[in-house]
file work39.txt (compact mmCIF, C-alpha atoms)
# COMPACT_ATOMS: atom_id res chain seq x y z
CA MET A 557 35.98 -71.68 -49.05
CA THR A 558 35.77 -68.94 -46.43
CA ASP A 559 35.73 -70.17 -42.84
CA HIS A 560 32.18 -69.11 -41.98
CA VAL A 561 32.44 -70.55 -38.46
CA HIS A 562 35.40 -68.27 -37.73
CA ASP A 563 33.59 -65.32 -39.25
CA LEU A 564 30.43 -65.95 -37.23
CA GLN A 565 32.47 -65.90 -34.04
CA SER A 566 33.98 -62.59 -35.19
CA VAL A 567 30.46 -61.25 -35.78
CA ARG A 568 29.52 -62.19 -32.20
CA GLU A 569 32.60 -60.50 -30.79
CA ALA A 570 32.22 -57.36 -32.91
CA THR A 571 28.53 -57.02 -32.06
CA ASP A 572 29.19 -57.45 -28.33
CA ARG A 573 31.95 -54.84 -28.53
CA MET A 574 29.63 -52.37 -30.24
CA LEU A 575 26.69 -52.99 -27.89
CA THR A 576 28.93 -52.50 -24.86
CA ALA A 577 30.03 -49.12 -26.20
CA LEU A 578 26.47 -48.11 -27.12
CA ALA A 579 25.19 -48.84 -23.62
CA LYS A 580 27.13 -45.79 -22.41
CA LEU A 581 25.08 -43.43 -24.59
CA ASP A 582 21.72 -41.80 -23.94
CA ASN A 583 18.71 -40.90 -26.09
CA ALA A 584 20.07 -37.45 -26.96
CA ALA A 585 23.31 -38.95 -28.25
CA LEU A 586 21.40 -41.08 -30.79
CA ALA A 587 20.06 -37.93 -32.45
CA GLU A 588 23.58 -36.57 -32.99
CA GLU A 589 25.41 -36.88 -36.29
CA SER A 590 27.28 -40.02 -37.22
CA HIS A 591 30.25 -40.00 -39.58
CA LEU A 592 27.85 -40.77 -42.46
CA PRO A 593 26.50 -37.60 -44.11
CA GLY A 594 22.81 -37.12 -43.41
CA TRP A 595 22.61 -39.96 -40.90
CA THR A 596 22.34 -39.73 -37.15
CA ARG A 597 23.57 -42.50 -34.89
CA GLY A 598 19.96 -43.67 -34.80
CA HIS A 599 20.01 -44.12 -38.57
CA VAL A 600 23.13 -46.29 -38.32
CA LEU A 601 21.59 -48.53 -35.66
CA ALA A 602 18.33 -48.83 -37.60
CA HIS A 603 20.30 -49.85 -40.68
CA LEU A 604 22.27 -52.48 -38.74
CA ALA A 605 19.09 -54.06 -37.40
CA ARG A 606 17.33 -54.09 -40.75
CA ASN A 607 20.48 -55.44 -42.44
CA ALA A 608 20.46 -58.43 -40.09
CA ASP A 609 16.85 -59.10 -41.07
CA ALA A 610 17.80 -58.73 -44.73
CA LEU A 611 20.58 -61.30 -44.45
CA VAL A 612 18.13 -63.75 -42.90
CA ASN A 613 16.09 -63.25 -46.08
CA VAL A 614 19.19 -63.99 -48.15
CA PHE A 615 19.80 -67.29 -46.37
CA ALA A 616 16.13 -68.20 -46.74
CA GLY A 617 16.13 -67.54 -50.50
CA ARG A 618 13.94 -64.45 -50.30
CA PRO A 619 14.73 -60.99 -51.74
CA MET A 620 17.15 -59.20 -49.45
CA TYR A 621 14.89 -56.13 -49.29
CA GLU A 622 11.38 -55.64 -50.61
CA SER A 623 12.72 -52.67 -52.58
CA ALA A 624 15.30 -49.92 -52.31
CA GLU A 625 12.53 -47.53 -51.30
CA ALA A 626 11.30 -49.87 -48.57
CA ARG A 627 14.84 -50.26 -47.24
CA ASP A 628 15.32 -46.51 -46.99
CA SER A 629 11.88 -45.87 -45.49
CA ASP A 630 12.40 -48.54 -42.82
CA ILE A 631 15.64 -46.87 -41.76
CA GLU A 632 13.97 -43.45 -41.60
CA ARG A 633 11.07 -44.93 -39.62
CA ASP A 634 13.31 -46.59 -37.04
CA ALA A 635 16.03 -43.95 -36.67
CA PRO A 636 14.25 -41.76 -34.04
CA ARG A 637 13.60 -44.60 -31.59
CA PRO A 638 14.98 -44.32 -28.03
CA LEU A 639 18.23 -46.05 -27.09
CA GLU A 640 16.59 -48.91 -25.21
CA VAL A 641 14.44 -49.81 -28.23
CA GLN A 642 17.35 -49.49 -30.65
CA LEU A 643 19.60 -51.75 -28.60
CA ALA A 644 16.87 -54.34 -28.12
CA ASP A 645 16.29 -54.39 -31.89
CA VAL A 646 19.99 -54.80 -32.69
CA ARG A 647 20.27 -57.62 -30.14
CA ALA A 648 17.15 -59.41 -31.38
CA THR A 649 18.01 -59.18 -35.05
CA HIS A 650 21.60 -60.23 -34.33
CA ALA A 651 20.23 -63.30 -32.56
CA GLY A 652 17.89 -63.98 -35.47
CA PHE A 653 20.77 -63.81 -37.93
CA LEU A 654 22.85 -66.23 -35.84
CA ALA A 655 19.90 -68.62 -35.49
CA GLN A 656 19.50 -68.68 -39.27
CA THR A 657 23.19 -69.54 -39.70
CA GLU A 658 22.90 -72.44 -37.24
CA ARG A 659 20.45 -74.31 -39.47
CA ASP A 660 21.70 -77.19 -41.60
CA GLN A 661 22.46 -75.78 -45.04
CA ASP A 662 24.77 -75.92 -48.02
CA TRP A 663 27.38 -73.27 -47.33
CA SER A 664 28.81 -73.69 -50.84
CA ARG A 665 25.57 -72.60 -52.54
CA THR A 666 25.18 -69.26 -54.32
CA VAL A 667 22.85 -66.70 -52.74
CA GLU A 668 21.54 -63.40 -54.08
CA LEU A 669 22.10 -60.08 -52.34
CA ARG A 670 21.03 -56.57 -53.44
CA ASN A 671 20.92 -55.35 -57.02
CA GLY A 672 21.50 -58.81 -58.47
CA VAL A 673 24.83 -59.29 -56.69
CA THR A 674 25.54 -62.94 -55.89
CA ASP A 675 27.97 -64.60 -53.53
CA LEU A 676 28.60 -67.89 -51.77
CA ALA A 677 26.59 -68.46 -48.61
CA SER A 678 29.88 -69.00 -46.77
CA ASN A 679 30.85 -65.37 -47.46
CA VAL A 680 27.72 -63.84 -45.94
CA PRO A 681 29.00 -63.93 -42.33
CA PHE A 682 31.99 -61.83 -43.37
CA ARG A 683 29.66 -59.41 -45.12
CA ARG A 684 27.76 -59.04 -41.84
CA LEU A 685 31.06 -58.53 -40.02
CA VAL A 686 31.86 -55.69 -42.42
CA GLU A 687 28.52 -54.06 -41.62
CA VAL A 688 29.07 -54.27 -37.86
CA GLU A 689 32.72 -53.21 -37.81
CA LEU A 690 32.55 -50.31 -40.27
CA HIS A 691 29.27 -48.99 -38.90
CA HIS A 692 30.69 -49.14 -35.38
CA VAL A 693 33.29 -46.70 -36.70
CA ASP A 694 30.56 -44.69 -38.45
CA LEU A 695 28.69 -44.24 -35.15
CA ASN A 696 31.29 -41.65 -34.12
CA ILE A 697 31.55 -42.88 -30.54
CA GLY A 698 35.31 -43.31 -30.28
CA TYR A 699 35.86 -46.52 -32.25
CA GLU A 700 38.20 -45.64 -35.10
CA LEU A 701 39.50 -47.35 -38.22
CA SER A 702 42.78 -47.87 -36.38
CA ASP A 703 40.89 -49.85 -33.69
CA LEU A 704 39.67 -52.48 -36.14
CA PRO A 705 41.26 -55.94 -35.79
CA GLN A 706 44.20 -56.28 -38.17
CA GLU A 707 42.87 -59.49 -39.68
CA PHE A 708 39.60 -57.76 -40.53
CA THR A 709 41.35 -54.72 -41.98
CA ALA A 710 43.53 -56.82 -44.28
CA ARG A 711 40.57 -58.90 -45.49
CA GLU A 712 38.41 -55.86 -46.15
CA ILE A 713 41.22 -54.14 -48.05
CA ALA A 714 41.48 -57.25 -50.22
CA PHE A 715 37.70 -57.35 -50.72
CA LEU A 716 37.46 -53.69 -51.73
CA ALA A 717 40.56 -53.90 -53.94
CA ASP A 718 38.84 -56.72 -55.79
CA ARG A 719 35.68 -54.62 -56.04
CA TRP A 720 37.48 -51.82 -57.88
CA SER A 721 39.52 -54.18 -60.09
CA GLY A 722 38.77 -53.85 -63.78
CA ARG A 723 37.04 -50.49 -63.38
CA PRO A 724 38.12 -48.31 -66.34
CA GLU A 725 37.70 -45.09 -64.33
CA VAL A 726 40.34 -46.26 -61.83
CA PRO A 727 43.97 -46.47 -63.05
CA PRO A 728 46.16 -49.46 -62.16
CA VAL A 729 46.87 -49.15 -58.43
CA THR A 730 49.24 -51.09 -56.22
CA LEU A 731 48.34 -50.84 -52.54
CA ARG A 732 51.20 -51.39 -50.15
CA LEU A 733 50.98 -51.66 -46.39
CA GLU A 734 53.29 -49.61 -44.23
CA GLY A 735 53.74 -50.17 -40.50
CA ASP A 736 50.68 -49.81 -38.26
CA GLY A 737 50.99 -48.21 -34.87
CA ASP A 738 51.15 -51.47 -32.91
CA GLY A 739 52.94 -53.67 -35.42
CA ASP A 740 54.32 -53.74 -38.90
CA ALA A 741 53.42 -54.97 -42.33
CA HIS A 742 54.82 -58.40 -41.53
CA ALA A 743 52.00 -58.88 -39.00
CA HIS A 744 49.67 -59.35 -41.96
CA ALA A 745 49.55 -62.40 -44.17
CA ASP A 746 49.48 -60.04 -47.15
CA SER A 747 50.78 -56.51 -47.42
CA THR A 748 50.32 -55.74 -51.13
CA TRP A 749 47.12 -55.61 -53.21
CA HIS A 750 46.28 -54.57 -56.76
CA THR A 751 43.18 -52.81 -58.01
CA GLY A 752 41.90 -50.59 -60.80
CA GLY A 753 41.77 -51.14 -64.53
CA THR A 754 44.34 -50.96 -67.29
CA GLU A 755 43.89 -47.37 -68.46
CA GLY A 756 46.13 -44.56 -67.24
CA GLY A 757 49.50 -44.52 -65.59
CA PRO A 758 50.05 -46.95 -62.70
CA VAL A 759 50.38 -45.54 -59.21
CA THR A 760 51.46 -47.02 -55.90
CA VAL A 761 49.58 -46.06 -52.74
CA LEU A 762 51.27 -46.64 -49.38
CA GLY A 763 49.83 -46.30 -45.90
CA THR A 764 48.77 -48.05 -42.75
CA GLY A 765 45.97 -50.57 -42.90
CA ALA A 766 43.55 -48.04 -41.43
CA GLU A 767 44.52 -45.39 -44.00
CA LEU A 768 44.25 -47.76 -46.96
CA LEU A 769 40.89 -49.07 -45.76
CA GLY A 770 39.61 -45.55 -45.13
CA TRP A 771 40.42 -44.56 -48.70
CA LEU A 772 38.94 -47.68 -50.27
CA ALA A 773 35.78 -47.49 -48.15
CA GLY A 774 35.32 -43.71 -48.42
CA ARG A 775 35.82 -43.18 -44.69
CA GLY A 776 38.15 -41.40 -42.31
CA ASP A 777 40.37 -38.79 -43.92
CA ARG A 778 39.80 -40.48 -47.31
CA GLY A 779 43.46 -40.83 -48.13
CA ALA A 780 44.81 -37.50 -46.88
CA HIS A 781 47.76 -39.18 -45.17
CA LEU A 782 48.56 -41.76 -47.81
CA THR A 783 51.81 -41.65 -49.78
CA VAL A 784 51.23 -41.84 -53.55
CA VAL A 785 54.00 -42.62 -56.04
CA GLY A 786 53.58 -42.17 -59.77
CA GLY A 787 50.73 -39.67 -59.84
CA PRO A 788 47.88 -38.18 -57.80
CA LEU A 789 45.68 -40.28 -55.53
CA PRO A 790 42.95 -41.70 -57.79
CA ALA A 791 39.32 -40.86 -57.16
CA LEU A 792 37.23 -43.94 -56.43
CA PRO A 793 33.56 -44.39 -57.37
CA PRO A 794 31.10 -44.38 -54.45
CA LEU A 795 30.45 -47.73 -52.78

call {"tool": "encode", "arguments": {"input": "work39.txt", "output": "structure tokens"}}
result
Amino acid sequence: MTDHVHDLQSVREATDRMLTALAKLDNAALAEESHLPGWTRGHVLAHLARNADALVNVFAGRPMYESAEARDSDIERDAPRPLEVQLADVRATHAGFLAQTERDQDWSRTVELRNGVTDLASNVPFRRLVEVELHHVDLNIGYELSDLPQEFTAREIAFLADRWSGRPEVPPVTLRLEGDGDGDAHAHADSTWHTGGTEGGPVTVLGTGAELLGWLAGRGDRGAHLTVVGGPLPALPPL
């Protein structure tokens, strides 16, 4: 089982890191574009706050969101708020999420997320960590994929590789880690992953952890600096 206690501590650290960086902004900066097409920084913060609320619903056995339309409208409603209000909301909903996780519960139980997706309760803290870390990058405030903790990067590569496994539109892909700027592949517990389906010629994709994660998650330069052996870089479906 995933170590949810470890992951919750990582959520605390990642959220504090993001809030510290956000405190240096002003209201005008929130209206500027994030790295996500069509979203300002305010949209990203609104999403992070509402996602924390949604994960409380998951733990409590309620639908994650009332509906897809309600999720989107809540983000649009909250995106224009001033910095002080946005930060207070992120802090409060973060605290609410942590409070929910501190209740006595069966961490081995299955919970339901969006669109009928299910997972173990013990995996939800890592899912929140993914939201905080990747959206910190998406905020476009100087935190890059290469700044993500190596442990997180390796785990998220493994998670996304599993997500694309068995997809017929993705050929068999071997992902191999090359040296990162401040270490090498041996700094990771794993440095090779497999994804894709069984149709088409197999390819091997090599790059740093940040480059592999950027390609899998549809972020950064989306694979422009990866080395591909055996064919072109495959196109991945949207997340």

call {"tool": "atom_distance", "arguments": {"input": "work39.txt", "atom1": "CA of Ala655 in chain A", "atom2": "CA of Val612 in chain A"}}
result
9.0 Å

call {"tool": "closest_residue", "arguments": {"input": "work39.txt", "among": "A:Trp595, A:Trp663, A:Phe715, A:Trp720", "to": "Thr754 in chain A", "atoms": "all atoms listed in the file"}}
result
A:Trp720

call {"tool": "residues_around", "arguments": {"input": "work39.txt", "residues": "Tyr621 in chain A", "least_positions_apart": "2", "cutoff": "10 Å", "atoms": "only C-alpha atoms", "output": "list in words"}}
result
Arg606, Asn607, Asp609, Ala610, Leu611, Asn613, Val614, Arg618, Pro619, Ser623, Ala624, Glu625, Ala626, Arg627, Asp628, Leu669, Arg670 and Asn671 of chain A

call {"tool": "residues_around", "arguments": {"input": "work39.txt", "residues": "Leu716 in chain A", "least_positions_apart": "6", "cutoff": "12 Å", "atoms": "all atoms listed in the file", "output": "list of chain:residue names"}}
result
A:Arg683, A:Val686, A:Thr709, A:Ala710, A:Leu731, A:Trp749, A:His750, A:Thr751, A:Gly752, A:Leu768, A:Leu769, A:Gly770, A:Trp771, A:Leu772, A:Ala773, A:Gly774, A:Leu792, A:Pro793, A:Pro794, A:Leu795

call {"tool": "atom_distance", "arguments": {"input": "work39.txt", "atom1": "CA of Thr596 in chain A", "atom2": "CA of Val567 in chain A"}}
result
23.0 Å

call {"tool": "atom_distance", "arguments": {"input": "work39.txt", "atom1": "CA of Leu762 in chain A", "atom2": "CA of Asp718 in chain A"}}
result
17.2 Å

call {"tool": "residues_around", "arguments": {"input": "work39.txt", "residues": "Leu701 in chain A", "least_positions_apart": "2", "cutoff": "6 Å", "atoms": "all atoms listed in the file", "output": "PDB file with C-alpha atoms, in the coordinates of the input"}}
result
ATOM      1  CA  ASP A 703      40.890 -49.850 -33.690  1.00  0.00           C
ATOM      2  CA  LEU A 704      39.670 -52.480 -36.140  1.00  0.00           C
ATOM      3  CA  ALA A 766      43.550 -48.040 -41.430  1.00  0.00           C
TER       4      ALA A 766
END

call {"tool": "closest_residue", "arguments": {"input": "work39.txt", "among": "A:Glu689, A:Glu707, A:Glu622, A:Glu640", "to": "Ala579 in chain A", "atoms": "all atoms listed in the file"}}
result
A:Glu640

call {"tool": "closest_residue", "arguments": {"input": "work39.txt", "among": "A:Ala644, A:Ile697, A:Val600, A:Leu639", "to": "Ala577 in chain A", "atoms": "all atoms listed in the file"}}
result
A:Ile697

call {"tool": "closest_residue", "arguments": {"input": "work39.txt", "among": "A:Gly698, A:Gly776, A:Pro705, A:Gly652", "to": "Lys580 in chain A", "atoms": "all atoms listed in the file"}}
result
A:Gly698

call {"tool": "closest_residue", "arguments": {"input": "work39.txt", "among": "A:Val680, A:Leu586, A:Val693, A:Val759", "to": "Pro788 in chain A", "atoms": "only C-alpha atoms"}}
result
A:Val759

call {"tool": "closest_residue", "arguments": {"input": "work39.txt", "among": "A:Gln565, A:Thr558, A:Thr674, A:Asn583", "to": "Pro636 in chain A", "atoms": "only C-alpha atoms"}}
result
A:Asn583

call {"tool": "residues_around", "arguments": {"input": "work39.txt", "residues": "Ser566 in chain A", "least_positions_apart": "5", "cutoff": "9 Å", "atoms": "all atoms listed in the file", "output": "MDAnalysis selection string"}}
result
chainID A and resid 561 571 681:682 685

call {"tool": "residues_near_point", "arguments": {"input": "work39.txt", "point": "(44.6, -46.7, -69.1)", "cutoff": "8 Å", "atoms": "all atoms listed in the file", "output": "ChimeraX atom specification"}}
result
/A:724,727-728,753-757
